[in-house]
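Novice: Encoded as structure tokens, here's the structure I'll be asking about.
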Amino acid sequence: MEWFVQQLINGLALGSIYALIALGYTMVYGILRFINFAHSDVLMLGAFAAYFVAPPVTHLFPPQSYAGALAVLLLSAVICAIIGMLIEFLAYRPLRRRPRLTVLITAIGVSLFIEYTCQHEKVFGAQLKPFPKLLAEQNFHPAGLSINGNDVVVVVVTALLLAGLWYLVQKTRMGLAMRAVSFNEKAAALMGVNINRVISFTFGLGSALAAVAGVFYAMRAQGIEPLMGIKPGLYAFIAAVLGGIGNLPGAALGGLALGLIETFAGGIPALSNYRDGIAFAILIFILLFKPSGLLGKTQVEKV
Amino acid sequence: MKKQFFANHWCSLLLLSSTIVFSGCDKPSAPSGGSAAGGASADPIKVGEFASLTGKEATFGQSSHEGTQQAIDELNAAGGVLGRKFELIVEDDLSKAGEPATIVNKLIARDNVVAVLGEVASSRSMEAAPICQQNKIPMISPSSTNPKVTETGDFIFRVCFIDPFQGTVMANFATKTLKAKNVAVFTDVKSDYSKGLAKYFKEGFTAAGGKIATELDFNGGDKDFKAQLTAIKSSNPDGIFVPGYYTDVALICIQAKQLGLSVPIFGGDGWESDQLVKIGQDAVEGTYFSTHYAPDVATQKSKDFVAAYQKKWNGKSPDAMAALGYDSAMILAQAMKTANSTDGQKVRDALAATKNFEGVTGNTTINEKRDATKSAVILQVKDGKFHYVETVNP
């Protein structure tokens, strides 16, 4: 029982991180119908932004305080939002009218460019760097359990961000514009929606969420390196597909599901080596029976 | 998956184009090495080294390379061997699988090296070994401990002990010094080194009357180990054996501490790096690991080495990888001297006959399996430094 609850907490924290990343994939897909493979590298850049921002921030706020951690989180989110918008502006916008495959391959190119540039020793270097402790390690011990304070923070902040995102998409003008572009780009443009602004905003928002996820991921692992985004990025991509790509609650649900599956499979001695395999097998299984994902709507592709 | 596919193709395309471009203009300089007869005596002896200078196990490659480079410089300052100086051609394998094969092929085919030195990680040495064997180029691994490395063929040597010994040493240490009876084993399934060491530890530990509490796996490069560590915690072990490399180990120790696991954690020579303490900080305090050599208990030869090394590399203290890198180059030079040739077959025979070579890491004798029989030391992390605990003789 203790084992179960402990793994549940581990899984929820990991799943929250996947959910945050998956939202970025799914939002971009919803609007532009392509997978932004550079998303996982924005996550890494978010962690590195926090790594560089954290030391100066300790001059303004007491070290390991919630205010300081929040400042670091916000700053890296802003930095990554700008990076995300820049990537869109420089790499994807010139190709907006080209076949979707061109953009997809460009996305892979951007991803490799970021990964290998950052591995250069003059940039970040390929070595693992110790991530600064943003929050003090606090362990709660209700009923023999050991609950890590940071895991609770991760889950709570993710829940708040999900609620905020839902409000933004459903209740604000920008959200309305995003939904309109997602529904029909040309019609939305004719109705006076500034497409470029909406797309820029979407990239910025997705990248900011990725930055938050990156900081959380680094907080749990305590080590960062330029290729750290690949694995969570891949998992989040699966999560987005699992939940139904283009569907926001689906991405969150898929992320949580994958985090829990990975954690529980990883915690069983004989299965710990197969946890990735299990996650992918479940993906294949679900897509066989529900090709549009858990919450996705079946769409008839117009040919 | 898709990404990896593209990455591979990208690399091979680049490689292909570069070989096409360069192979054309490279031919005139081809014949070198071989017999140094005639007036070609000024030609340097080309020795190839492949090392993980960047990436996940970067400090291994850097230390090993610094040791090797120091040996080569000292040899050259003394006039080299056979009246020729050494030229060390160094290639970085980025700590990545797949790279060693490419660069060792390049070292042999393009640079015409007469011998190859490298690597620290067993998986990567095992990738290069068949290529050296096929080309009949002697290869010396400074510090790969998996037995399979030298089993590849009779041209593959090493100057360190092997994991059956190291595993037994740690098993005895766990039972006798730590008084552990129920130990959990946490293995990196991506690494031949880790799998081998885990296997020999388990054999030794159960033979000594201990029980394996549970066995879990991780993939080198993972960042999240909490699922497995939670399972380890619920098995109530009185020690955890982690035969991994320092980056993973540091993160594992941190996350174990976060989960409130307070039993001793210990491992093998893959831990030895100043990065272990830099990343792990207070979480690695009190952990133990076995390795090849400790500067604290030193012969005169090793004291001289430490002094020279610190002078050359800005005050940096040499670790076991550096000392073994140094020894690997020195043993190669001695073999060339004995063989009075740089011919692959003759150097191989001389290497195989190495007896009581006085190296920095102790007396080295190459046995019939082309491994070195040597003692191991156990170190403990205390106040952010590695402290000598004990020496175990074979």
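Note on naming: chains are A, B, ... as they come in the structure tokens, residues start from 1 per chain, ligands start from 1 in the order shown.
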Where in segment 254-305 of chain B does DSSP assign helix (DSSP H, G or I), given as a ChimeraX atom specification?

Specialist: /B:254-258,269-271,274-284,300-305

Novice: Restricted to N, CA, C and O atoms, what would the selected residues look like written as a tab-separated table (two decimals), in the first residue's frame?

Specialist:
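Result written to selection27.tsv:
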```tsv
chain	number	residue	atom	x	y	z
B	254	ILE	N	21.14	11.51	-5.38
B	254	ILE	CA	20.30	12.66	-5.02
B	254	ILE	C	18.85	12.22	-4.84
B	254	ILE	O	18.20	12.54	-3.84
B	255	GLN	N	18.36	11.43	-5.81
B	255	GLN	CA	16.95	11.06	-5.75
B	255	GLN	C	16.69	10.04	-4.65
B	255	GLN	O	15.60	10.02	-4.07
B	256	ALA	N	17.69	9.21	-4.35
B	256	ALA	CA	17.54	8.28	-3.23
B	256	ALA	C	17.38	9.07	-1.94
B	256	ALA	O	16.56	8.74	-1.08
B	257	LYS	N	18.16	10.14	-1.84
B	257	LYS	CA	18.07	10.96	-0.63
B	257	LYS	C	16.71	11.65	-0.55
B	257	LYS	O	16.10	11.74	0.51
B	258	GLN	N	16.22	12.12	-1.72
B	258	GLN	CA	14.90	12.76	-1.74
B	258	GLN	C	13.82	11.80	-1.26
B	258	GLN	O	12.84	12.20	-0.64
B	269	ASP	N	34.47	1.31	-10.31
B	269	ASP	CA	35.38	2.36	-10.76
B	269	ASP	C	34.72	3.36	-11.70
B	269	ASP	O	35.31	4.40	-11.98
B	270	GLY	N	33.50	3.06	-12.17
B	270	GLY	CA	32.78	4.01	-13.01
B	270	GLY	C	32.35	5.26	-12.25
B	270	GLY	O	31.90	6.23	-12.82
B	271	TRP	N	32.52	5.22	-10.93
B	271	TRP	CA	32.13	6.37	-10.11
B	271	TRP	C	33.21	7.44	-10.07
B	271	TRP	O	32.96	8.57	-9.71
B	274	ASP	N	35.56	13.77	-10.51
B	274	ASP	CA	35.24	14.89	-9.62
B	274	ASP	C	33.81	15.37	-9.85
B	274	ASP	O	33.22	16.03	-9.01
B	275	GLN	N	33.25	15.02	-11.04
B	275	GLN	CA	31.87	15.40	-11.33
B	275	GLN	C	30.88	14.71	-10.39
B	275	GLN	O	29.80	15.21	-10.14
B	276	LEU	N	31.26	13.53	-9.88
B	276	LEU	CA	30.37	12.81	-8.97
B	276	LEU	C	30.02	13.70	-7.79
B	276	LEU	O	28.86	13.81	-7.38
B	277	VAL	N	31.03	14.37	-7.24
B	277	VAL	CA	30.83	15.22	-6.07
B	277	VAL	C	30.20	16.55	-6.49
B	277	VAL	O	29.36	17.10	-5.80
B	278	LYS	N	30.61	17.05	-7.67
B	278	LYS	CA	30.07	18.34	-8.12
B	278	LYS	C	28.57	18.25	-8.35
B	278	LYS	O	27.83	19.17	-8.02
B	279	ILE	N	28.12	17.15	-8.94
B	279	ILE	CA	26.68	17.01	-9.19
B	279	ILE	C	25.97	16.50	-7.94
B	279	ILE	O	24.95	17.03	-7.54
B	280	GLY	N	26.54	15.48	-7.33
B	280	GLY	CA	25.85	14.83	-6.22
B	280	GLY	C	25.91	15.60	-4.92
B	280	GLY	O	25.04	15.45	-4.07
B	281	GLN	N	26.94	16.42	-4.76
B	281	GLN	CA	27.13	17.22	-3.54
B	281	GLN	C	26.93	16.39	-2.27
B	281	GLN	O	27.56	15.36	-2.10
B	282	ASP	N	26.05	16.87	-1.37
B	282	ASP	CA	25.94	16.17	-0.09
B	282	ASP	C	25.29	14.80	-0.22
B	282	ASP	O	25.40	13.97	0.68
B	283	ALA	N	24.61	14.55	-1.35
B	283	ALA	CA	23.92	13.26	-1.49
B	283	ALA	C	24.90	12.11	-1.68
B	283	ALA	O	24.56	10.96	-1.42
B	284	VAL	N	26.12	12.37	-2.15
B	284	VAL	CA	27.07	11.27	-2.35
B	284	VAL	C	28.02	11.09	-1.15
B	284	VAL	O	28.85	10.20	-1.16
B	300	GLN	N	57.04	5.70	-5.09
B	300	GLN	CA	57.78	6.87	-5.55
B	300	GLN	C	57.39	7.22	-6.98
B	300	GLN	O	57.17	8.37	-7.33
B	301	LYS	N	57.24	6.16	-7.78
B	301	LYS	CA	56.91	6.35	-9.18
B	301	LYS	C	55.59	7.11	-9.33
B	301	LYS	O	55.45	8.02	-10.15
B	302	SER	N	54.62	6.72	-8.50
B	302	SER	CA	53.32	7.36	-8.65
B	302	SER	C	53.35	8.77	-8.06
B	302	SER	O	52.63	9.65	-8.52
B	303	LYS	N	54.20	9.00	-7.05
B	303	LYS	CA	54.33	10.37	-6.53
B	303	LYS	C	54.92	11.30	-7.60
B	303	LYS	O	54.46	12.42	-7.77
B	304	ASP	N	55.91	10.79	-8.31
B	304	ASP	CA	56.49	11.59	-9.39
B	304	ASP	C	55.44	11.91	-10.45
B	304	ASP	O	55.37	13.01	-10.97
B	305	PHE	N	54.63	10.88	-10.73
B	305	PHE	CA	53.59	11.06	-11.74
B	305	PHE	C	52.60	12.14	-11.30
B	305	PHE	O	52.26	13.03	-12.07
```

Novice: Dump as a PyMOL selection string the residues of chain B that approach chain A to within 9 Å, counting only C-alpha atoms.

Specialist: chain B and resi 1+3+6-7+54-59+94+189+214-219+221-234+247+250-252+254-255+258-260+275+278-281

Novice: Mind listing the strand (DSSP E) residues of segment 133-276 of chain A, per DSSP on the backbone, as a ChimeraX atom specification?

Specialist: /A:139-140,147-148,223-224

Novice: Can you list, as a list of chain:residue names, every protein, DNA or RNA residue that comes within 9 Å of Val241 of chain A when you count only C-alpha atoms, leaving out same-chain residues fewer than 4 positions away?

Specialist: A:Ala22, A:Thr26, A:Ala236, A:Phe237, A:Ile245, A:Gly246, A:Gly250, A:Ala251, A:Gly254, A:Leu283, A:Leu287, A:Ser292, A:Gly293, A:Leu294, A:Gly296

Novice: Save out the residues we just selected, C-alpha atoms, as a short mmCIF file (atom, residue, chain, number, x, y, z; two decimals), in the first residue's frame.

Specialist:
```
data_model
loop_
_atom_site.label_atom_id
_atom_site.label_comp_id
_atom_site.auth_asym_id
_atom_site.auth_seq_id
_atom_site.Cartn_x
_atom_site.Cartn_y
_atom_site.Cartn_z
CA ALA A 22 2.18 17.60 -24.46
CA THR A 26 -1.07 19.59 -29.25
CA ALA A 236 4.95 13.97 -24.27
CA PHE A 237 4.53 13.55 -28.00
CA ILE A 245 -3.69 15.25 -30.93
CA GLY A 246 -5.12 18.74 -31.13
CA GLY A 250 -6.59 14.88 -24.09
CA ALA A 251 -2.97 15.98 -23.91
CA GLY A 254 -2.39 11.36 -21.97
CA LEU A 283 0.12 3.61 -27.46
CA LEU A 287 -4.36 3.71 -31.63
CA SER A 292 -7.97 9.47 -33.07
CA GLY A 293 -6.75 9.00 -29.50
CA LEU A 294 -8.65 8.85 -26.22
CA GLY A 296 -9.86 13.05 -30.13
#
```

Novice: Given only C-alpha atoms as the basis, pick out the residue of B:Lys46, B:His65, B:Lys176, B:Arg158 nearest to Thr354 of chain B.

Specialist: B:Arg158

Novice: Near segment 84-96 of chain A, within 8 Å and counting only C-alpha atoms, which residues show up once chain neighbours fewer than 2 positions away are dropped, as a list in words?

Specialist: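 Non-adjacent residues within range: Val42, Cys80, Ala81, Ile82, Arg98, Thr102, Val103, Thr106, Ala107, Val110, Ser200, Phe201, Phe203, Gly204, Gly206 and Ser207 of chain A.
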
Novice: Using only C-alpha atoms, pick whichever of B:Leu107, B:Ala333, B:Gly67, B:Thr365 has the shortest atom-to-atom distance to Gly79 of chain B.

Specialist: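 Between B:Leu107, B:Ala333, B:Gly67, B:Thr365, the residue approaching Gly79 of chain B most closely is B:Ala333.
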
Novice: Tell me, in Å to one decimal, how far atom CA of Lys355 of chain B is from atom CA of Ser141 of chain B.

Specialist: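 Atom-to-atom, atom CA of Lys355 of chain B to atom CA of Ser141 of chain B, that is 17.4 Å.
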